[in-house]
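**Q** target08.cif (mmCIF, C-alpha atoms and all ligand atoms) pasted underneath:
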data_query
loop_
_atom_site.label_atom_id
_atom_site.label_comp_id
_atom_site.auth_asym_id
_atom_site.auth_seq_id
_atom_site.Cartn_x
_atom_site.Cartn_y
_atom_site.Cartn_z
CA MET A 1423 -27.40 88.89 20.47
CA THR A 1424 -29.00 90.58 17.50
CA THR A 1425 -29.51 88.17 14.65
CA ALA A 1426 -30.58 89.58 11.30
CA PHE A 1427 -32.72 87.56 8.95
CA PHE A 1428 -32.63 88.20 5.22
CA THR A 1429 -35.03 86.79 2.67
CA HIS A 1430 -37.10 87.89 -0.34
CA ALA A 1431 -40.39 86.75 -1.85
CA ALA A 1432 -38.64 86.51 -5.25
CA CYS A 1433 -36.76 83.46 -3.93
CA LEU A 1434 -40.10 81.59 -3.95
CA GLU A 1435 -40.53 82.25 -7.67
CA HIS A 1436 -37.52 80.22 -8.84
CA ASP A 1437 -39.27 77.14 -10.27
CA THR A 1438 -37.03 74.16 -10.94
CA GLY A 1439 -39.71 72.05 -12.64
CA PRO A 1440 -42.09 69.24 -11.67
CA GLY A 1441 -40.86 66.78 -9.06
CA HIS A 1442 -37.63 68.65 -8.35
CA PRO A 1443 -36.42 68.40 -4.72
CA GLU A 1444 -35.14 72.01 -4.67
CA ARG A 1445 -38.64 73.52 -4.64
CA ARG A 1446 -40.37 76.62 -3.32
CA GLN A 1447 -42.00 74.63 -0.51
CA ARG A 1448 -38.54 74.40 1.10
CA LEU A 1449 -38.37 78.14 1.64
CA GLU A 1450 -42.03 78.25 2.68
CA ALA A 1451 -41.27 75.63 5.37
CA VAL A 1452 -38.30 77.66 6.63
CA LEU A 1453 -40.31 80.90 6.72
CA LEU A 1454 -43.12 79.18 8.62
CA ALA A 1455 -40.70 77.74 11.19
CA LEU A 1456 -39.09 81.14 11.76
CA ALA A 1457 -42.48 82.81 12.19
CA GLU A 1458 -42.83 81.12 15.61
CA PRO A 1459 -42.82 83.39 18.70
CA GLU A 1460 -39.33 82.26 19.77
CA PHE A 1461 -37.96 84.01 16.68
CA ALA A 1462 -39.78 87.31 17.28
CA ALA A 1463 -36.46 89.01 18.11
CA LEU A 1464 -35.04 88.41 14.61
CA ASP A 1465 -34.25 91.64 12.77
CA ARG A 1466 -36.14 90.87 9.55
CA ARG A 1467 -34.87 92.42 6.35
CA GLU A 1468 -35.61 92.22 2.65
CA ALA A 1469 -32.70 91.02 0.52
CA PRO A 1470 -31.59 93.54 -2.13
CA ARG A 1471 -30.39 92.47 -5.58
CA ALA A 1472 -26.68 91.82 -5.82
CA GLU A 1473 -24.93 94.05 -8.32
CA ILE A 1474 -23.31 92.37 -11.33
CA ASP A 1475 -19.93 93.74 -10.20
CA GLN A 1476 -20.36 92.02 -6.84
CA ILE A 1477 -21.19 88.69 -8.49
CA ALA A 1478 -18.35 89.11 -10.99
CA ARG A 1479 -15.80 89.06 -8.15
CA VAL A 1480 -16.14 85.27 -8.15
CA HIS A 1481 -17.84 84.45 -11.46
CA ASP A 1482 -16.74 85.17 -15.01
CA ARG A 1483 -18.64 88.26 -16.12
CA ALA A 1484 -19.58 86.52 -19.38
CA TYR A 1485 -21.11 83.66 -17.38
CA VAL A 1486 -23.18 86.05 -15.27
CA GLU A 1487 -24.47 87.98 -18.26
CA GLU A 1488 -25.18 84.85 -20.30
CA LEU A 1489 -27.01 83.18 -17.41
CA LEU A 1490 -29.27 86.18 -16.89
CA ALA A 1491 -29.88 86.40 -20.66
CA ARG A 1492 -30.94 82.75 -20.71
CA VAL A 1493 -33.72 83.21 -18.13
CA PRO A 1494 -36.76 81.99 -20.09
CA GLN A 1495 -39.93 84.01 -20.75
CA ARG A 1496 -41.98 80.88 -20.01
CA GLY A 1497 -41.31 77.25 -19.17
CA TRP A 1498 -37.82 76.17 -18.21
CA ALA A 1499 -34.27 76.54 -19.48
CA ALA A 1500 -32.10 73.54 -18.58
CA LEU A 1501 -28.53 74.31 -17.48
CA ASP A 1502 -27.43 70.82 -16.56
CA GLY A 1503 -29.15 67.50 -15.76
CA ASP A 1504 -30.60 68.79 -12.49
CA THR A 1505 -30.33 72.58 -12.72
CA ALA A 1506 -32.96 74.65 -14.51
CA MET A 1507 -34.26 78.22 -14.67
CA SER A 1508 -37.84 79.51 -14.85
CA PRO A 1509 -38.99 83.09 -15.54
CA GLY A 1510 -38.47 83.97 -11.85
CA SER A 1511 -34.99 82.49 -11.54
CA GLY A 1512 -32.91 85.52 -12.50
CA GLU A 1513 -34.50 87.73 -9.87
CA ALA A 1514 -34.30 84.94 -7.27
CA ALA A 1515 -30.60 84.38 -7.96
CA LEU A 1516 -29.83 88.11 -7.71
CA ARG A 1517 -31.72 88.33 -4.39
CA ALA A 1518 -30.05 85.17 -3.03
CA ALA A 1519 -26.62 86.62 -3.73
CA GLY A 1520 -27.72 90.08 -2.60
CA ALA A 1521 -28.88 88.72 0.77
CA MET A 1522 -25.35 87.55 1.46
CA VAL A 1523 -23.81 90.88 0.42
CA ALA A 1524 -26.27 92.88 2.54
CA ALA A 1525 -25.81 90.55 5.50
CA VAL A 1526 -22.04 90.95 5.32
CA ASP A 1527 -22.50 94.74 5.16
CA LEU A 1528 -24.81 94.72 8.17
CA VAL A 1529 -22.60 92.51 10.33
CA MET A 1530 -19.39 94.34 9.35
CA GLY A 1531 -21.11 97.65 10.15
CA LYS A 1532 -22.12 96.30 13.58
CA GLY A 1533 -25.80 96.59 12.70
CA ALA A 1534 -26.24 92.99 13.85
CA ASP A 1535 -24.09 90.42 15.62
CA ASN A 1536 -24.79 87.74 13.05
CA ALA A 1537 -27.22 86.97 10.24
CA PHE A 1538 -29.03 84.16 8.46
CA CYS A 1539 -30.11 84.32 4.81
CA ALA A 1540 -33.14 82.16 3.91
CA VAL A 1541 -32.79 82.13 0.16
CA ARG A 1542 -32.90 79.92 -2.91
CA PRO A 1543 -31.43 78.97 -5.30
CA PRO A 1544 -28.57 77.63 -3.17
CA GLY A 1545 -24.99 78.37 -4.21
CA HIS A 1546 -22.11 76.16 -3.11
CA HIS A 1547 -21.94 73.93 -6.22
CA ALA A 1548 -21.83 76.88 -8.65
CA GLU A 1549 -18.39 77.17 -10.28
CA SER A 1550 -16.90 80.44 -11.50
CA ASP A 1551 -18.12 79.72 -15.04
CA MET A 1552 -20.82 77.09 -14.61
CA ALA A 1553 -24.20 76.49 -12.93
CA MET A 1554 -24.34 73.11 -11.25
CA GLY A 1555 -26.24 71.03 -8.71
CA PHE A 1556 -29.29 73.33 -8.28
CA CYS A 1557 -26.93 76.35 -7.89
CA LEU A 1558 -26.69 79.41 -10.16
CA PHE A 1559 -24.53 81.97 -8.34
CA ASN A 1560 -22.22 80.98 -5.48
CA ASN A 1561 -23.84 83.08 -2.78
CA VAL A 1562 -21.40 82.35 0.04
CA ALA A 1563 -18.40 82.96 -2.23
CA ILE A 1564 -19.87 86.30 -3.31
CA GLY A 1565 -20.21 87.22 0.37
CA ALA A 1566 -16.61 86.26 1.14
CA ALA A 1567 -15.25 88.20 -1.82
CA HIS A 1568 -17.35 91.21 -0.83
CA ALA A 1569 -15.95 91.17 2.71
CA CYS A 1570 -12.39 91.09 1.36
CA ALA A 1571 -12.94 93.77 -1.30
CA LYS A 1572 -15.03 96.24 0.65
CA TYR A 1573 -13.70 95.85 4.20
CA GLY A 1574 -10.13 94.75 3.62
CA ILE A 1575 -10.71 91.53 5.56
CA LYS A 1576 -7.58 89.41 5.28
CA ARG A 1577 -8.99 86.12 6.61
CA VAL A 1578 -12.53 84.90 5.89
CA ALA A 1579 -13.49 81.35 6.84
CA ILE A 1580 -16.32 79.50 5.13
CA VAL A 1581 -17.70 76.46 6.97
CA ASP A 1582 -19.93 74.19 4.88
CA PHE A 1583 -21.93 71.50 6.68
CA ASP A 1584 -24.23 70.70 3.76
CA VAL A 1585 -24.13 66.93 3.15
CA HIS A 1586 -22.64 67.57 -0.30
CA HIS A 1587 -19.15 68.96 -0.84
CA GLY A 1588 -19.09 72.60 -1.96
CA ASN A 1589 -16.98 72.05 -5.04
CA GLY A 1590 -17.68 75.51 -6.41
CA THR A 1591 -16.66 77.34 -3.25
CA GLN A 1592 -13.49 75.26 -2.90
CA HIS A 1593 -12.47 75.80 -6.51
CA ILE A 1594 -13.13 79.55 -6.42
CA PHE A 1595 -10.85 80.05 -3.40
CA GLU A 1596 -8.36 77.17 -3.41
CA HIS A 1597 -5.56 79.51 -4.55
CA ASP A 1598 -6.66 82.48 -2.41
CA ALA A 1599 -4.91 82.73 0.97
CA GLN A 1600 -7.49 85.24 2.24
CA VAL A 1601 -10.24 82.61 2.32
CA PHE A 1602 -10.30 79.32 4.25
CA TYR A 1603 -12.82 76.68 3.19
CA ALA A 1604 -13.78 73.85 5.55
CA SER A 1605 -16.36 71.20 4.75
CA THR A 1606 -17.93 68.15 6.33
CA HIS A 1607 -19.87 66.07 3.82
CA GLN A 1608 -20.85 62.53 2.95
CA MET A 1609 -18.38 60.75 0.67
CA PRO A 1610 -18.75 59.10 -1.76
CA LEU A 1611 -21.64 61.29 -2.90
CA TYR A 1612 -22.37 64.03 -5.44
CA PRO A 1613 -20.38 65.96 -6.66
CA GLY A 1614 -17.42 63.60 -6.02
CA THR A 1615 -14.93 66.21 -4.79
CA GLY A 1616 -13.91 66.85 -1.18
CA ALA A 1617 -11.28 64.24 -0.36
CA ARG A 1618 -9.00 64.89 2.63
CA ALA A 1619 -6.07 65.22 0.21
CA GLU A 1620 -7.64 68.30 -1.44
CA ARG A 1621 -6.01 71.05 0.60
CA GLY A 1622 -5.70 73.97 -1.83
CA ILE A 1623 -2.69 76.07 -0.77
CA GLY A 1624 -3.25 74.91 2.79
CA ASN A 1625 -6.51 76.90 2.95
CA VAL A 1626 -8.89 73.98 2.34
CA CYS A 1627 -9.93 71.50 5.04
CA ASN A 1628 -12.11 68.61 3.94
CA ALA A 1629 -13.49 66.18 6.51
CA PRO A 1630 -15.48 63.62 4.49
CA LEU A 1631 -17.73 61.19 6.37
CA PRO A 1632 -19.04 57.80 5.26
CA ALA A 1633 -22.74 57.05 4.78
CA PHE A 1634 -24.59 56.42 8.07
CA ALA A 1635 -21.82 58.21 10.02
CA GLY A 1636 -24.29 59.80 12.44
CA GLY A 1637 -24.06 62.71 14.85
CA ASP A 1638 -21.17 61.43 16.98
CA ALA A 1639 -18.86 61.07 13.97
CA PHE A 1640 -20.00 64.46 12.69
CA ARG A 1641 -19.18 66.11 16.03
CA ASP A 1642 -15.82 64.31 16.20
CA ALA A 1643 -14.95 65.67 12.74
CA TYR A 1644 -15.52 69.20 14.03
CA GLU A 1645 -13.74 68.67 17.36
CA GLU A 1646 -10.73 66.92 15.86
CA ILE A 1647 -10.35 68.43 12.38
CA VAL A 1648 -12.45 71.45 11.44
CA LEU A 1649 -12.46 73.53 14.63
CA PRO A 1650 -8.69 73.17 15.23
CA ALA A 1651 -8.06 74.19 11.60
CA LEU A 1652 -10.27 77.24 12.06
CA GLU A 1653 -8.46 78.10 15.30
CA ARG A 1654 -5.16 78.06 13.42
CA PHE A 1655 -6.51 80.25 10.62
CA GLN A 1656 -7.94 82.84 13.04
CA PRO A 1657 -10.67 84.21 10.77
CA GLU A 1658 -11.88 87.79 11.05
CA LEU A 1659 -15.29 86.81 9.65
CA LEU A 1660 -17.03 83.42 9.60
CA LEU A 1661 -19.47 82.46 6.85
CA ILE A 1662 -21.60 79.31 6.91
CA SER A 1663 -22.96 77.29 4.00
CA ALA A 1664 -25.88 75.94 6.01
CA GLY A 1665 -27.30 72.91 4.25
CA PHE A 1666 -29.54 70.63 6.26
CA ASP A 1667 -29.53 67.61 3.94
CA ALA A 1668 -27.27 65.71 6.36
CA HIS A 1669 -30.42 65.18 8.46
CA ARG A 1670 -31.55 61.59 9.01
CA ALA A 1671 -34.83 62.21 7.13
CA ASP A 1672 -33.27 63.71 4.02
CA PRO A 1673 -34.07 61.81 0.81
CA LEU A 1674 -30.83 62.73 -1.02
CA ALA A 1675 -28.23 61.47 1.49
CA SER A 1676 -27.69 59.27 4.53
CA LEU A 1677 -25.41 61.00 7.04
CA GLU A 1678 -28.11 60.57 9.70
CA LEU A 1679 -27.81 63.78 11.70
CA GLU A 1680 -30.52 65.19 13.95
CA ALA A 1681 -31.57 68.83 14.37
CA GLU A 1682 -29.60 68.92 17.64
CA ASP A 1683 -26.41 68.25 15.71
CA PHE A 1684 -26.97 71.41 13.67
CA ALA A 1685 -27.61 73.37 16.87
CA TRP A 1686 -24.40 71.93 18.35
CA VAL A 1687 -22.18 72.82 15.40
CA THR A 1688 -23.71 76.30 15.22
CA GLU A 1689 -22.99 76.88 18.91
CA LYS A 1690 -19.38 75.80 18.37
CA LEU A 1691 -19.02 78.17 15.41
CA VAL A 1692 -20.64 81.05 17.32
CA GLU A 1693 -18.17 80.42 20.18
CA LEU A 1694 -15.23 80.40 17.78
CA ALA A 1695 -16.46 83.60 16.16
CA ALA A 1696 -16.76 85.25 19.56
CA THR A 1697 -13.09 84.46 20.17
CA HIS A 1698 -11.67 85.40 16.78
CA CYS A 1699 -14.18 87.43 14.75
CA GLN A 1700 -15.91 89.78 17.20
CA GLY A 1701 -18.81 87.34 16.87
CA ARG A 1702 -19.26 88.07 13.18
CA VAL A 1703 -21.11 85.17 11.51
CA VAL A 1704 -23.17 85.21 8.31
CA SER A 1705 -24.98 82.01 7.35
CA THR A 1706 -26.84 81.19 4.16
CA LEU A 1707 -29.19 78.35 3.31
CA GLU A 1708 -27.88 75.65 0.99
CA GLY A 1709 -29.61 72.23 0.77
CA GLY A 1710 -32.16 70.30 2.84
CA TYR A 1711 -34.91 68.42 1.05
CA ASP A 1712 -37.18 66.87 3.69
CA LEU A 1713 -39.51 69.74 4.54
CA GLY A 1714 -40.06 68.80 8.18
CA ALA A 1715 -36.38 68.13 8.84
CA LEU A 1716 -35.43 71.33 7.04
CA ALA A 1717 -37.83 73.42 9.14
CA GLU A 1718 -36.71 71.83 12.41
CA SER A 1719 -33.01 72.01 11.58
CA THR A 1720 -33.15 75.61 10.39
CA ALA A 1721 -34.95 76.56 13.60
CA ALA A 1722 -32.21 74.84 15.62
CA HIS A 1723 -29.49 76.63 13.62
CA VAL A 1724 -31.07 80.08 13.85
CA GLY A 1725 -31.89 79.56 17.53
CA ALA A 1726 -28.20 78.86 18.16
CA LEU A 1727 -27.21 81.98 16.19
CA MET A 1728 -29.55 83.96 18.46
CA GLY A 1729 -27.76 82.54 21.48
CA ALA A 1730 -30.38 80.06 22.61
CA LYS A 1731 -28.82 76.89 24.02
CA ALA A 1732 -30.12 73.69 22.45
ZN ZN B 1801 -26.58 69.46 -0.39
#
Take the structure in the file and write it out as structure tokens.
**A**
Amino acid sequence: MTTAFFTHAACLEHDTGPGHPERRQRLEAVLLALAEPEFAALDRREAPRAEIDQIARVHDRAYVEELLARVPQRGWAALDGDTAMSPGSGEAALRAAGAMVAAVDLVMGKGADNAFCAVRPPGHHAESDMAMGFCLFNNVAIGAAHACAKYGIKRVAIVDFDVHHGNGTQHIFEHDAQVFYASTHQMPLYPGTGARAERGIGNVCNAPLPAFAGGDAFRDAYEEIVLPALERFQPELLLISAGFDAHRADPLASLELEAEDFAWVTEKLVELAATHCQGRVVSTLEGGYDLGALAESTAAHVGALMGAKA
């Protein structure tokens, strides 16, 4: 399989401030891991900037313009208690969203079977009118909306295995029958949303897991809840919010997964996409805050996208 890999050096220049877990070293660790010989077959591409019109499909245009206008000349601009922008943040956010748009274009145009976007800032907490939880623009949502608008896709599924619930993604699409959002996440945990009872218009599937759930419970949640729901939806395109903070070593959560669990879930999603979506999968990096675990887990995920068995 041809797997495309999108990133941009500008994503290293988003500086969240001293001591912040969402730091440039995360992306450096991912890039180093994917520089290994086993990833030589990746089709490496530079992420373009997303256009404002593409971002404004899921965000209020006033929010987008105001956010970009608030990018500071020096120092930091605080957006909420744990979300800040530095001088490089506007460009990074445009490239992070643009990676997703370009990856959707490439996969829909059959230029690659699937794609992974190694970008920051992450996106799944960003609401239509608000930055939140380290996220500025909702990258995966922008990709889903692009697929619907440009290619007439009627059913896009977003699977989010970040340890935190993707409140922003759920809220953006919970009244949109063209998009199905499925999430496994630790609960209770930030941001507090993601209960089983939150079902949107039947297009939202939340499978919360308790602290210390571990890999077996995670896999059961996919086998019993998420994968059957995806089978029923029959997506034409599958997008992944790939956060690796459910790993045992992560300092922000305690779901206690291993890298093999991320390889397993990726293989399952690739299989499902082969059945329903002509194999079309686009994945984008969300969280993951232990550098070693992030590197190992991303390698397992991308290896599975490339068709390597764990
Ligand atoms: Zn997270």
**Q** Please indicate the distance in Å from CA of Thr1425 (chain A) to CA of Gly1520 (chain A), rounded to one decimal place.
**A** 17.4 Å
**Q** Could you make a table, as CSV, of the residues of chain A that have an atom within 7 Å of an atom of ligand ZN 1801 (chain B), each with its nearest atom pair and distance in Å to one decimal, counting all atoms listed in the file, in chain and number order?
**A**
residue,atom,partner,partner_atom,distance
A:Asp1584,CA,B:ZN1801,ZN,4.9
A:Val1585,CA,B:ZN1801,ZN,5.0
A:His1586,CA,B:ZN1801,ZN,4.4
A:Gly1665,CA,B:ZN1801,ZN,5.8
A:Asp1667,CA,B:ZN1801,ZN,5.6
A:Glu1708,CA,B:ZN1801,ZN,6.5
A:Gly1709,CA,B:ZN1801,ZN,4.3
A:Gly1710,CA,B:ZN1801,ZN,6.5
**Q** Which residues come within 8 Å of region 1685-1701 of chain A, counting all atoms listed in the file, excluding same-chain residues fewer than 5 positions away, as a list in words?
**A**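 Counting all atoms listed in the file, the residues come to Asp1535, Asn1536, Arg1641, Tyr1644, Glu1653, Gln1656, Pro1657, Glu1658, Leu1659, Leu1660, Ser1719, Ala1722, His1723, Gly1725, Ala1726, Leu1727, Gly1729, Lys1731 and Ala1732 of chain A.
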**Q** Kindly give the distance, in Å, that separates CA of Arg1483 (chain A) and CA of Ser1550 (chain A), rounded to a single decimal.
**A** 9.2 Å
**Q** Which residues are near Ala1617 (chain A)? Cut-off 12 Å, all atoms listed in the file, ignore same chain within fewer than 2 positions. Put them as a list in words.
**A**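 Residues meeting the cut-off are His1586, His1587, Gly1588, Asn1589, Gln1592, Ala1604, Ser1605, Thr1606, His1607, Gln1608, Met1609, Pro1610, Leu1611, Pro1613, Gly1614, Thr1615, Ala1619, Glu1620, Arg1621, Gly1622, Val1626, Cys1627, Asn1628, Ala1629, Pro1630, Leu1631 and Pro1632 of chain A.
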**Q** At most 6 Å from (-30.0, 80.0, -14.0), file frame, all atoms listed in the file: which residues, as a PyMOL selection string?
**A** chain A and resi 1489+1507+1558
**Q** Go ahead and dump the residues you just picked, C-alpha atoms, as a compact mmCIF listing (two decimals), in the coordinates of the input.
**A**
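See out-v4.txt below for the written result:
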# COMPACT_ATOMS: atom_id res chain seq x y z
CA LEU A 1489 -27.01 83.18 -17.41
CA MET A 1507 -34.26 78.22 -14.67
CA LEU A 1558 -26.69 79.41 -10.16
**Q** Using all atoms listed in the file, which of the listed residues (A:Ala1579, A:Val1486, A:Cys1433, A:Ile1662) sits closest to Arg1448 (chain A)?
**A** A:Cys1433
**Q** Need the axis-aligned box for region 1626-1637 of chain A with 6 Å each side, so what are the centre and edges in Å to one decimal, as AutoDock Vina command-line options?
**A**
--center_x -16.7 --center_y 65.2 --center_z 8.6 --size_x 27.7 --size_y 29.6 --size_z 24.5
**Q** Between CA of Ala1463 (chain A) and CA of Leu1716 (chain A), what is the distance in Å, rounded to a tenth?
**A** 20.9 Å
**Q** With region 1593-1598 of chain A as the partner and 12 Å as the cut-off, tabulate the residues of region 1450-1531 of chain A that qualify, each row holding the nearest pair of atoms and their distance in Å to one decimal, using all atoms listed in the file, sorted by chain and rising number, as CSV.
**A**
residue,atom,partner,partner_atom,distance
A:Ala1478,CA,A:Ile1594,CA,11.8
A:Arg1479,CA,A:Ile1594,CA,10.0
A:Val1480,CA,A:Ile1594,CA,6.7
A:His1481,CA,A:Ile1594,CA,8.5
A:Asp1482,CA,A:Ile1594,CA,10.9
**Q** Determine, counting only C-alpha atoms, which protein, DNA and RNA residues have an atom within 8 Å of an atom of Phe1427 (chain A); residues of the same chain fewer than 3 positions away are not included. Present the result as an MDAnalysis selection string.
**A** chainID A and resid 1464:1467 1537:1540
**Q** Find the residues near Pro1673 (chain A): any atom within 12 Å, counting all atoms listed in the file, skip ones fewer than 4 places away on the same chain, and give them as an MDAnalysis selection string.
**A** chainID A and resid 1442:1444 1585 1666:1669 1677:1678 1709:1716
**Q** For a quick check of understanding, using all atoms listed in the file, which of A:Glu1468, A:Glu1450, A:Asp1502, A:Glu1513 has the smallest distance to Ala1432 (chain A)?
**A**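 For Ala1432 (chain A), the nearest of the given residues is A:Glu1513.
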**Q** Enumerate, as a list of chain:residue names, the protein, DNA and RNA residues whose atoms approach (-40.9, 77.8, -22.0) to within 12 Å, taking into account all atoms listed in the file and the coordinate frame of the file.
**A** A:Asp1437, A:Gly1439, A:Arg1492, A:Val1493, A:Pro1494, A:Gln1495, A:Arg1496, A:Gly1497, A:Trp1498, A:Ala1499, A:Ala1500, A:Ala1506, A:Met1507, A:Ser1508, A:Pro1509
**Q** Could you check which of A:Ala1599, A:Met1530, A:Leu1490, A:Met1554 is closest to Tyr1573 (chain A), using all atoms listed in the file?
**A**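 Distance minimum relative to Tyr1573 (chain A) lands on A:Met1530.
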**Q** Quick one: everything within 8 Å of Lys1576 (chain A), counting all atoms listed in the file, minus sequence neighbours fewer than 3 positions away in the same chain. Send it as a VMD selection string.
**A** chain A and resid 1570 1600 to 1601 1658
**Q** Pick out the closest residue to Ala1553 (chain A) from this set: A:Gly1574, A:Gly1637, A:Gly1565, A:Gly1590. Count all atoms listed in the file.
**A** A:Gly1590
**Q** In terms of the shortest atom-to-atom distance over all atoms listed in the file, which of A:Glu1645, A:Ala1675, A:Val1541, A:Ala1515 is closest to Gln1447 (chain A)?
**A** A:Val1541
**Q** For a quick check of understanding, using only C-alpha atoms, which of A:Ile1575, A:Leu1434, A:Val1703, A:Val1452 has the smallest distance to Thr1720 (chain A)?
**A**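 For Thr1720 (chain A), the nearest of the candidates is A:Val1452.
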